[in-house]
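What follows is the content of run_35.cif, which has mmCIF, C-alpha atoms:
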```
data_data
#
loop_
_atom_site.label_atom_id
_atom_site.label_comp_id
_atom_site.auth_asym_id
_atom_site.auth_seq_id
_atom_site.Cartn_x
_atom_site.Cartn_y
_atom_site.Cartn_z
CA MET A 1 19.84 20.71 -106.99
CA LYS A 2 21.64 20.81 -103.68
CA LEU A 3 24.04 17.86 -103.69
CA LEU A 4 25.93 18.61 -100.47
CA PRO A 5 24.72 20.25 -97.23
CA VAL A 6 26.97 23.31 -97.51
CA GLU A 7 26.49 26.77 -99.09
CA GLU A 8 28.63 25.77 -102.10
CA GLY A 9 26.88 22.41 -102.50
CA TYR A 10 24.67 23.23 -105.51
CA LEU A 11 24.99 21.68 -108.95
CA ASN A 12 26.46 24.09 -111.50
CA VAL A 13 26.84 23.35 -115.22
CA ASP A 14 29.11 25.26 -117.60
CA ASN A 15 27.04 26.08 -120.68
CA SER A 16 29.58 28.36 -122.37
CA LEU A 17 29.82 28.21 -126.13
CA ASP A 18 33.51 27.26 -126.05
CA SER A 19 32.89 24.32 -123.71
CA TYR A 20 33.26 20.95 -125.45
CA SER A 21 30.76 19.36 -123.08
CA ASP A 22 28.76 20.15 -119.99
CA GLU A 23 31.16 20.71 -117.11
CA LEU A 24 29.71 19.88 -113.71
CA SER A 25 30.88 21.66 -110.59
CA LEU A 26 29.65 22.67 -107.16
CA ALA A 27 29.11 26.27 -106.07
CA ASN A 28 26.35 28.41 -104.61
CA SER A 29 22.80 28.58 -106.00
CA ASP A 30 23.22 31.76 -108.08
CA ASN A 31 23.31 31.58 -111.89
CA MET A 32 26.57 33.36 -112.76
CA GLY A 33 28.22 33.91 -116.12
CA ASP A 34 28.08 30.74 -118.17
CA TYR A 35 27.13 28.58 -115.20
CA GLN A 36 23.55 27.39 -114.83
CA THR A 37 22.29 26.43 -111.37
CA LYS A 38 18.53 26.24 -111.90
CA PHE A 39 17.08 23.53 -114.12
CA THR A 40 13.71 22.46 -115.40
CA GLU A 41 12.79 18.87 -114.66
CA LYS A 42 13.52 18.01 -118.31
CA GLU A 43 16.96 19.69 -118.25
CA TYR A 44 17.89 17.89 -115.05
CA ARG A 45 16.73 14.50 -116.37
CA GLU A 46 18.91 15.00 -119.47
CA LEU A 47 21.93 15.81 -117.31
CA GLN A 48 21.23 12.89 -115.00
CA SER A 49 21.10 10.50 -117.97
CA LYS A 50 24.58 11.74 -119.03
CA TYR A 51 26.01 11.51 -115.49
CA PRO A 52 24.09 8.76 -113.65
CA GLN A 53 27.12 7.93 -111.50
CA TRP A 54 27.14 11.48 -110.05
CA LEU A 55 23.55 12.71 -110.12
CA PRO A 56 20.56 11.05 -108.44
CA GLU A 57 17.39 10.42 -110.42
CA PHE A 58 14.81 13.17 -110.21
CA ASP A 59 12.34 12.72 -107.36
CA LYS A 60 9.96 15.55 -106.52
CA ASP A 61 9.75 14.22 -102.95
CA ASP A 62 13.54 14.38 -102.45
CA PRO A 63 14.33 17.53 -100.40
CA ARG A 64 17.43 18.19 -102.52
CA PHE A 65 15.09 19.16 -105.35
CA ARG A 66 13.10 22.29 -104.75
CA GLU A 67 10.82 24.27 -106.95
CA VAL A 68 11.96 27.81 -107.74
CA ALA A 69 10.16 30.77 -109.28
CA GLN A 70 10.89 31.30 -112.94
#
```

Please lay out the structure from this file as structure tokens.
Amino acid sequence: MKLLPVEEGYLNVDNSLDSYSDELSLANSDNMGDYQTKFTEKEYRELQSKYPQWLPEFDKDDPRFREVAQ
């Protein structure tokens, strides 16, 4: 999910085992370390329900959402 129109504008979520909760941040689109940057529709919807004030609802027609190869 590209939230801002810059290279480091992609949603990143810290999924490390020692994290008390999902930590949202912005960075590039590469999955690195404990940070996830690619999400299934289900994963994104779960995140969006936890952070509705920060994340838009999923819309396949919204250009910020793009399908990626698995």

Practice prompt. Determine the residue membership of the PyMOL selection byres ((chain A and resi 57) around 12) for the file above and supply it as number ranges by chain.
Written response: A: 1, 41-42, 44-56, 58-62, 64-65

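Nearest-residue note for Glu8 in chain A: choosing from A:Asn31, A:Val68, A:Glu43, A:Leu26, the minimum distance belongs to A:Leu26, counting all atoms listed in the file.
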
Worksheet item: In Å, how far is it from CA of Arg66 in chain A to CA of Val13 in chain A?
Response: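 Between CA of Arg66 in chain A and CA of Val13 in chain A the gap works out to 17.3 Å.
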
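Take CA of Leu3 in chain A and CA of Gly33 in chain A: the distance between them is 20.7 Å.
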
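Under the PyMOL selection byres ((chain A and resi 6) around 12), the matching residues in the shown file are Lys2, Leu3, Leu4, Pro5, Glu7, Glu8, Gly9, Tyr10, Leu11, Leu26, Ala27, Asn28, Ser29 and Arg64 of chain A.
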
Dump of C-alpha atoms for the selected residues, as a short mmCIF file (atom, residue, chain, number, x, y, z; two decimals), in the frame of the given file:
```cif
data_model
loop_
_atom_site.label_atom_id
_atom_site.label_comp_id
_atom_site.auth_asym_id
_atom_site.auth_seq_id
_atom_site.Cartn_x
_atom_site.Cartn_y
_atom_site.Cartn_z
CA LYS A 2 21.64 20.81 -103.68
CA LEU A 3 24.04 17.86 -103.69
CA LEU A 4 25.93 18.61 -100.47
CA PRO A 5 24.72 20.25 -97.23
CA GLU A 7 26.49 26.77 -99.09
CA GLU A 8 28.63 25.77 -102.10
CA GLY A 9 26.88 22.41 -102.50
CA TYR A 10 24.67 23.23 -105.51
CA LEU A 11 24.99 21.68 -108.95
CA LEU A 26 29.65 22.67 -107.16
CA ALA A 27 29.11 26.27 -106.07
CA ASN A 28 26.35 28.41 -104.61
CA SER A 29 22.80 28.58 -106.00
CA ARG A 64 17.43 18.19 -102.52
#
```

Practice prompt. Translate the PyMOL selection byres ((chain A and resi 24) around 6), as applied to the file shown, into an explicit residue set as an MDAnalysis selection string.
Written response: chainID A and resid 12:13 23 25

Let me have the centre and edge lengths in Å, one decimal, of the box along x, y and z around every listed atom of range 47-66 of chain A with 6 Å of margin on each side, as JSON.
```
{"center_x": 18.4, "center_y": 15.1, "center_z": -109.7, "size_x": 29.4, "size_y": 26.4, "size_z": 30.6}
```

Since fewer atoms than expected are present, regenerate N, CA and C atoms for range 11-44 of chain A and write them as a tab-separated table (two decimals), in the coordinates of the input.
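Final output, saved to out00.tsv:
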```
chain	number	residue	atom	x	y	z
A	11	LEU	N	24.56	22.06	-107.61
A	11	LEU	CA	24.99	21.68	-108.95
A	11	LEU	C	25.11	22.91	-109.83
A	12	ASN	N	26.23	23.03	-110.52
A	12	ASN	CA	26.46	24.09	-111.50
A	12	ASN	C	26.93	23.42	-112.78
A	13	VAL	N	26.46	23.91	-113.93
A	13	VAL	CA	26.84	23.35	-115.22
A	13	VAL	C	27.34	24.48	-116.10
A	14	ASP	N	28.53	24.28	-116.68
A	14	ASP	CA	29.11	25.26	-117.60
A	14	ASP	C	28.46	25.09	-118.96
A	15	ASN	N	27.72	26.11	-119.38
A	15	ASN	CA	27.04	26.08	-120.68
A	15	ASN	C	27.67	27.05	-121.67
A	16	SER	N	28.94	27.40	-121.47
A	16	SER	CA	29.58	28.36	-122.37
A	16	SER	C	29.73	27.77	-123.77
A	17	LEU	N	29.74	28.64	-124.74
A	17	LEU	CA	29.82	28.21	-126.13
A	17	LEU	C	31.14	27.51	-126.46
A	18	ASP	N	32.22	27.87	-125.75
A	18	ASP	CA	33.51	27.26	-126.05
A	18	ASP	C	33.75	25.98	-125.26
A	19	SER	N	32.77	25.56	-124.48
A	19	SER	CA	32.89	24.32	-123.71
A	19	SER	C	32.60	23.14	-124.64
A	20	TYR	N	33.45	22.12	-124.60
A	20	TYR	CA	33.26	20.95	-125.45
A	20	TYR	C	32.13	20.06	-124.94
A	21	SER	N	31.85	20.14	-123.67
A	21	SER	CA	30.76	19.36	-123.08
A	21	SER	C	30.32	20.05	-121.80
A	22	ASP	N	29.21	19.60	-121.26
A	22	ASP	CA	28.76	20.15	-119.99
A	22	ASP	C	29.81	19.87	-118.92
A	23	GLU	N	30.20	20.89	-118.21
A	23	GLU	CA	31.16	20.71	-117.11
A	23	GLU	C	30.41	20.89	-115.80
A	24	LEU	N	30.40	19.83	-114.99
A	24	LEU	CA	29.71	19.88	-113.71
A	24	LEU	C	30.65	20.40	-112.64
A	25	SER	N	30.11	21.19	-111.74
A	25	SER	CA	30.88	21.66	-110.59
A	25	SER	C	29.91	21.97	-109.46
A	26	LEU	N	30.46	22.27	-108.31
A	26	LEU	CA	29.65	22.67	-107.16
A	26	LEU	C	29.96	24.10	-106.81
A	27	ALA	N	28.94	24.88	-106.50
A	27	ALA	CA	29.11	26.27	-106.07
A	27	ALA	C	27.82	26.67	-105.36
A	28	ASN	N	27.59	27.98	-105.28
A	28	ASN	CA	26.35	28.41	-104.61
A	28	ASN	C	25.18	28.31	-105.59
A	29	SER	N	24.02	28.77	-105.19
A	29	SER	CA	22.80	28.58	-106.00
A	29	SER	C	22.53	29.70	-107.00
A	30	ASP	N	23.43	30.64	-107.16
A	30	ASP	CA	23.22	31.76	-108.08
A	30	ASP	C	23.72	31.43	-109.48
A	31	ASN	N	22.86	31.68	-110.50
A	31	ASN	CA	23.31	31.58	-111.89
A	31	ASN	C	24.32	32.70	-112.12
A	32	MET	N	25.53	32.35	-112.55
A	32	MET	CA	26.57	33.36	-112.76
A	32	MET	C	27.32	33.06	-114.05
A	33	GLY	N	27.47	34.08	-114.88
A	33	GLY	CA	28.22	33.91	-116.12
A	33	GLY	C	27.64	32.79	-116.96
A	34	ASP	N	28.50	31.85	-117.34
A	34	ASP	CA	28.08	30.74	-118.17
A	34	ASP	C	27.60	29.54	-117.36
A	35	TYR	N	27.53	29.69	-116.05
A	35	TYR	CA	27.13	28.58	-115.20
A	35	TYR	C	25.65	28.63	-114.86
A	36	GLN	N	24.97	27.52	-115.12
A	36	GLN	CA	23.55	27.39	-114.83
A	36	GLN	C	23.39	26.62	-113.52
A	37	THR	N	22.53	27.10	-112.65
A	37	THR	CA	22.29	26.43	-111.37
A	37	THR	C	20.83	26.05	-111.16
A	38	LYS	N	19.95	26.56	-112.00
A	38	LYS	CA	18.53	26.24	-111.90
A	38	LYS	C	18.12	25.51	-113.17
A	39	PHE	N	17.40	24.40	-113.00
A	39	PHE	CA	17.08	23.53	-114.12
A	39	PHE	C	15.61	23.15	-114.12
A	40	THR	N	15.05	23.04	-115.30
A	40	THR	CA	13.71	22.46	-115.40
A	40	THR	C	13.86	20.96	-115.13
A	41	GLU	N	12.74	20.32	-114.88
A	41	GLU	CA	12.79	18.87	-114.66
A	41	GLU	C	13.39	18.18	-115.89
A	42	LYS	N	13.00	18.60	-117.07
A	42	LYS	CA	13.52	18.01	-118.31
A	42	LYS	C	15.04	18.20	-118.43
A	43	GLU	N	15.52	19.42	-118.18
A	43	GLU	CA	16.96	19.69	-118.25
A	43	GLU	C	17.73	18.81	-117.27
A	44	TYR	N	17.19	18.71	-116.05
A	44	TYR	CA	17.89	17.89	-115.05
A	44	TYR	C	17.90	16.42	-115.47
```
